[in-house]
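With mmCIF, C-alpha atoms inside, this is entry-v4.cif:
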```cif
data_work
loop_
_atom_site.label_atom_id
_atom_site.label_comp_id
_atom_site.auth_asym_id
_atom_site.auth_seq_id
_atom_site.Cartn_x
_atom_site.Cartn_y
_atom_site.Cartn_z
CA MET A 72 -73.40 -20.77 -11.13
CA SER A 73 -76.49 -19.27 -12.79
CA TRP A 74 -77.07 -19.83 -16.53
CA LYS A 75 -77.51 -16.08 -16.80
CA SER A 76 -74.04 -15.29 -15.49
CA LYS A 77 -71.11 -14.30 -17.68
CA GLU A 78 -68.93 -17.08 -16.23
CA TYR A 79 -71.51 -19.72 -17.20
CA TRP A 80 -71.45 -18.74 -20.87
CA ILE A 81 -67.66 -18.50 -20.92
CA VAL A 82 -67.47 -22.11 -19.68
CA ILE A 83 -70.06 -23.22 -22.28
CA ILE A 84 -68.17 -21.49 -25.10
CA LEU A 85 -64.87 -23.04 -23.99
CA LEU A 86 -66.45 -26.50 -23.87
CA VAL A 87 -67.91 -26.07 -27.37
CA LEU A 88 -64.58 -24.85 -28.76
CA THR A 89 -62.78 -27.75 -27.09
CA GLY A 90 -65.24 -30.18 -28.66
CA ILE A 91 -64.71 -28.65 -32.09
CA TYR A 92 -60.93 -28.75 -31.64
CA VAL A 93 -60.93 -32.43 -30.58
CA ASN A 94 -63.15 -33.46 -33.49
CA ILE A 95 -61.04 -31.54 -36.00
CA LEU A 96 -57.97 -33.42 -34.81
CA ARG A 97 -59.75 -36.76 -34.65
CA TYR A 98 -61.43 -36.80 -38.05
CA THR A 99 -59.58 -34.43 -40.37
CA ARG A 100 -56.92 -36.11 -42.48
CA VAL A 101 -54.87 -34.69 -45.36
CA THR A 102 -52.46 -37.05 -47.11
CA VAL A 103 -48.78 -36.13 -47.16
CA HIS A 104 -47.30 -37.03 -50.55
CA GLU A 105 -43.64 -36.19 -49.94
CA GLN A 106 -41.24 -39.02 -49.18
CA ILE A 107 -39.49 -38.39 -45.87
CA GLU A 108 -36.20 -40.11 -45.03
CA LEU A 109 -34.67 -38.81 -41.83
CA ALA A 110 -31.88 -41.36 -42.24
CA ASP A 111 -30.60 -39.18 -45.11
CA ILE A 112 -29.29 -36.65 -42.59
CA PRO A 113 -25.52 -37.03 -43.11
CA MET A 114 -23.43 -39.06 -40.70
CA ASN A 115 -20.50 -36.68 -41.17
CA PHE A 116 -20.14 -32.92 -41.46
CA SER A 117 -16.97 -30.89 -41.87
CA ASP A 118 -16.14 -30.78 -38.15
CA TRP A 119 -18.43 -33.51 -36.84
CA LYS A 120 -18.90 -37.24 -37.36
CA VAL A 121 -21.30 -39.79 -35.88
CA GLU A 122 -19.98 -41.43 -32.74
CA GLN A 123 -23.08 -43.52 -32.02
CA ASN A 124 -26.50 -44.30 -33.50
CA LEU A 125 -28.93 -44.55 -30.61
CA VAL A 126 -32.14 -46.57 -30.47
CA MET A 127 -35.19 -45.89 -28.31
CA ASP A 128 -36.84 -48.72 -26.43
CA GLU A 129 -40.31 -49.91 -27.39
CA ARG A 130 -41.99 -48.28 -24.41
CA THR A 131 -40.59 -44.83 -25.30
CA LEU A 132 -41.55 -45.25 -28.95
CA ASN A 133 -45.11 -46.12 -27.96
CA VAL A 134 -45.32 -42.87 -26.00
CA LEU A 135 -43.62 -40.80 -28.69
CA LYS A 136 -45.81 -42.09 -31.54
CA SER A 137 -43.59 -40.62 -34.25
CA ASP A 138 -43.52 -42.06 -37.78
CA GLN A 139 -39.77 -41.65 -38.12
CA GLU A 140 -36.98 -40.68 -35.79
CA VAL A 141 -33.21 -40.29 -35.89
CA TRP A 142 -31.18 -40.21 -32.68
CA ARG A 143 -27.44 -39.82 -32.98
CA ARG A 144 -24.46 -38.68 -31.00
CA TYR A 145 -21.87 -36.70 -32.95
CA ILE A 146 -18.29 -35.96 -31.93
CA SER A 147 -16.25 -33.00 -33.13
CA ASP A 148 -12.62 -32.88 -34.18
CA GLU A 149 -11.95 -31.19 -30.81
CA GLY A 150 -13.62 -34.00 -28.86
CA TYR A 151 -16.93 -32.34 -27.96
CA THR A 152 -20.07 -34.50 -28.19
CA ILE A 153 -23.59 -33.43 -29.13
CA GLY A 154 -26.82 -35.38 -29.31
CA LEU A 155 -29.16 -34.82 -32.27
CA PHE A 156 -32.73 -36.08 -32.13
CA VAL A 157 -35.22 -35.51 -34.97
CA ALA A 158 -38.72 -36.98 -34.95
CA TYR A 159 -41.25 -36.66 -37.77
CA PHE A 160 -45.00 -37.01 -37.29
CA LYS A 161 -46.86 -37.59 -40.53
CA ASP A 162 -50.28 -36.87 -39.09
CA GLN A 163 -50.69 -35.22 -35.70
CA LYS A 164 -54.01 -36.66 -34.69
CA TYR A 165 -55.80 -36.53 -31.36
CA GLY A 166 -53.79 -38.59 -28.88
CA ALA A 167 -50.65 -38.62 -31.06
CA GLN A 168 -49.23 -35.12 -30.75
CA ILE A 169 -45.67 -34.05 -30.02
CA HIS A 170 -44.58 -34.43 -26.41
CA SER A 171 -42.81 -31.37 -25.08
CA PRO A 172 -39.48 -31.72 -23.21
CA ILE A 173 -41.05 -29.54 -20.52
CA HIS A 174 -43.08 -32.60 -19.51
CA CYS A 175 -40.66 -35.37 -20.54
CA ILE A 176 -37.42 -34.11 -18.95
CA PRO A 177 -38.64 -34.23 -15.31
CA GLY A 178 -39.93 -37.75 -15.89
CA GLY A 179 -36.45 -38.87 -16.95
CA GLY A 180 -34.77 -37.97 -13.67
CA TRP A 181 -33.68 -34.47 -14.69
CA LYS A 182 -34.63 -31.16 -13.13
CA ILE A 183 -35.17 -28.09 -15.29
CA ILE A 184 -33.15 -25.28 -13.71
CA HIS A 185 -33.48 -22.69 -16.48
CA ARG A 186 -35.82 -22.05 -19.41
CA GLY A 187 -35.56 -19.35 -22.04
CA LYS A 188 -35.27 -18.60 -25.75
CA TYR A 189 -32.25 -18.59 -28.02
CA ARG A 190 -31.99 -16.98 -31.43
CA MET A 191 -29.25 -17.47 -34.01
CA GLU A 192 -28.58 -16.67 -37.65
CA VAL A 193 -28.12 -19.54 -40.08
CA HIS A 194 -25.83 -19.53 -43.11
CA ASN A 195 -26.21 -21.57 -46.32
CA SER A 196 -29.97 -21.92 -45.87
CA PRO A 197 -33.11 -20.10 -47.08
CA VAL A 198 -34.08 -19.92 -43.41
CA ARG A 199 -31.97 -17.03 -42.20
CA GLU A 200 -32.72 -17.21 -38.49
CA ILE A 201 -33.85 -19.83 -35.98
CA LYS A 202 -35.60 -19.06 -32.75
CA MET A 203 -35.54 -22.02 -30.37
CA ASN A 204 -36.21 -23.02 -26.81
CA LYS A 205 -33.25 -23.23 -24.43
CA MET A 206 -33.20 -25.37 -21.31
CA ILE A 207 -30.50 -26.12 -18.76
CA ASN A 208 -31.17 -29.37 -16.90
CA SER A 209 -29.49 -31.14 -14.01
CA ASN A 210 -29.66 -34.68 -12.64
CA GLY A 211 -27.64 -33.78 -9.54
CA ARG A 212 -24.30 -34.86 -10.99
CA HIS A 213 -24.37 -33.51 -14.50
CA LYS A 214 -25.81 -30.49 -16.30
CA GLN A 215 -26.87 -30.33 -19.92
CA LEU A 216 -27.89 -27.65 -22.38
CA LEU A 217 -30.90 -28.57 -24.46
CA LEU A 218 -32.09 -26.60 -27.49
CA TYR A 219 -35.25 -27.57 -29.34
CA TRP A 220 -37.91 -26.35 -31.72
CA PHE A 221 -40.95 -27.60 -33.64
CA TRP A 222 -41.38 -27.38 -37.39
CA THR A 223 -44.67 -27.44 -39.32
CA ARG A 224 -46.07 -26.28 -42.65
CA SER A 225 -46.25 -22.82 -41.07
CA GLY A 226 -42.53 -22.70 -40.24
CA ILE A 227 -40.54 -22.98 -37.03
CA ILE A 228 -42.54 -22.79 -33.78
CA THR A 229 -41.19 -22.59 -30.24
CA SER A 230 -44.36 -22.43 -28.15
CA GLU A 231 -46.21 -25.62 -27.20
CA TYR A 232 -49.46 -23.66 -27.25
CA GLY A 233 -48.49 -22.17 -30.60
CA LEU A 234 -48.02 -25.69 -31.92
CA LYS A 235 -51.56 -26.66 -30.84
CA ILE A 236 -53.04 -23.54 -32.45
CA ASP A 237 -51.09 -24.18 -35.64
CA LEU A 238 -52.27 -27.80 -35.68
CA ALA A 239 -55.92 -26.80 -35.32
CA LYS A 240 -55.56 -24.08 -37.98
CA ASN A 241 -53.98 -26.44 -40.53
CA ALA A 242 -56.58 -29.11 -39.85
CA LEU A 243 -59.43 -26.58 -40.16
CA PHE A 244 -58.15 -25.33 -43.52
CA ARG A 245 -57.46 -28.85 -44.81
CA LYS A 246 -53.68 -28.53 -44.79
CA PRO A 247 -51.33 -31.35 -43.75
CA THR A 248 -50.89 -31.51 -39.99
CA ASP A 249 -47.48 -33.13 -40.13
CA ALA A 250 -44.74 -31.76 -37.88
CA ALA A 251 -41.20 -32.38 -36.73
CA PHE A 252 -39.41 -32.03 -33.45
CA ILE A 253 -35.69 -31.19 -33.40
CA ARG A 254 -33.57 -31.39 -30.27
CA ILE A 255 -29.88 -30.71 -29.63
CA ASP A 256 -28.24 -31.59 -26.31
CA LEU A 257 -24.72 -31.34 -24.91
CA SER A 258 -22.90 -31.04 -21.62
CA TYR A 259 -23.25 -27.63 -20.01
CA PHE A 260 -19.96 -25.98 -19.11
CA GLU A 261 -20.94 -24.09 -15.97
CA HIS A 262 -17.60 -22.29 -15.85
CA ASP A 263 -18.03 -21.14 -19.48
CA PRO A 264 -21.70 -20.91 -20.58
CA ALA A 265 -20.75 -18.89 -23.67
CA LYS A 266 -18.53 -21.77 -24.85
CA THR A 267 -21.44 -24.20 -24.50
CA LEU A 268 -23.64 -22.05 -26.74
CA GLN A 269 -20.77 -21.53 -29.17
CA ILE A 270 -20.34 -25.29 -29.61
CA ALA A 271 -24.10 -25.83 -30.02
CA SER A 272 -24.41 -22.97 -32.52
CA GLY A 273 -21.51 -24.27 -34.58
CA PHE A 274 -23.09 -27.70 -34.78
CA ILE A 275 -26.51 -26.28 -35.72
CA GLN A 276 -24.91 -24.19 -38.47
CA GLN A 277 -23.64 -27.39 -40.09
CA VAL A 278 -26.59 -29.72 -39.53
CA PHE A 279 -29.53 -27.34 -40.06
CA PRO A 280 -29.48 -27.21 -43.91
CA SER A 281 -29.48 -31.03 -44.06
CA VAL A 282 -32.35 -31.30 -41.59
CA LYS A 283 -34.33 -28.80 -43.63
CA ASP A 284 -33.65 -30.75 -46.84
CA VAL A 285 -35.18 -33.98 -45.50
CA LEU A 286 -38.33 -32.32 -44.14
CA PRO A 287 -41.27 -31.28 -46.38
CA PHE A 288 -41.68 -27.82 -44.93
CA GLU A 289 -41.30 -24.48 -46.64
CA ASP A 290 -38.94 -21.74 -45.53
#
```
Represent the structure contained in this file as structure tokens.
Amino acid sequence: MSWKSKEYWIVIILLVLTGIYVNILRYTRVTVHEQIELADIPMNFSDWKVEQNLVMDERTLNVLKSDQEVWRRYISDEGYTIGLFVAYFKDQKYGAQIHSPIHCIPGGGWKIIHRGKYRMEVHNSPVREIKMNKMINSNGRHKQLLLYWFWTRSGIITSEYGLKIDLAKNALFRKPTDAAFIRIDLSYFEHDPAKTLQIASGFIQQVFPSVKDVLPFED
């Protein structure tokens, strides 16, 4: 490839931009002053209560690299169960960024059979609407619905690439690069998909204001 060609200079520019991006992430640090306590997310809501507090093994935590995490399984008055996982990253530096379920789910023995977006209105919160990622996964015997989103100083983000751009932007303008990852999972009722989403939406309606209250992000 000749140095005079257009492709040559595109590659050079991309390499330079990548170098700038990596160094921004590696060396830029803005202190977060807010006190974060994910454990303050309530154990009980009006229709839901904690069935089990779950703990990740050391190997998973070393991969995750979060500063705080809460992993619980809630059960409703009607007997439905939902998993809630919230992880907070105080400083998303190079090598310690949020791992997307797109990459983690297949490694856990599950197959992603559907990916899309899901949008819902939220009551009793300054955030009036949430747009999130929706996944249906299968391990051959069981199917699950998984809803997740990222949250930064810029608001709620669904795209993994959008998260990287937001991280670089905040680091460049000397803003905190902290972020959170929120995941909801429950059994997928193949005979009644609408019921699955109804259960998930009802749970999110109740838990979302509390999750927002413990995180340092604006509306």
Residues matched by the PyMOL selection byres ((chain A and resi 141) around 6), written as a VMD selection string: chain A and resid 140 142 156 to 157
Atom pair atom CA of Trp220 of chain A / atom CA of Lys161 of chain A: separation (Å):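 Between these atoms lies a distance of 16.9 Å.
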Work out how far apart atom CA of Ala242 of chain A and atom CA of Leu218 of chain A are and give it in Å to one decimal.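 About the pair atom CA of Ala242 of chain A and atom CA of Leu218 of chain A: they are 27.5 Å apart.
If all atoms listed in the file are the atoms counted, then among A:Lys120, A:Arg245, A:His213, A:Lys202 the closest residue to Gly187 of chain A is A:Lys202.
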Need to verify the contact set: Ile207 of chain A, 8 Å, all atoms listed in the file, exclusion of same-chain residues closer than 6 positions in sequence. Can you return it as a PyMOL selection string? chain A and resi 183-186+214-217+259
Hey, can you check how far atom CA of Met114 of chain A sits from atom CA of Phe274 of chain A?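 Atom-to-atom, atom CA of Met114 of chain A to atom CA of Phe274 of chain A, that is 12.8 Å.
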Asp138 of chain A: which residues within 9 Å, counting only C-alpha atoms, same-chain residues fewer than 5 positions away excluded, as a ChimeraX atom specification? /A:158-162
Tell me which protein, DNA and RNA residues are within 9 Å of Ile107 of chain A, counting only C-alpha atoms, leaving out same-chain ones fewer than 2 positions away, and put them as a list in words. Glu105, Leu109, Ala110, Asp111, Gln139, Tyr159, Val285, Leu286 and Pro287 of chain A
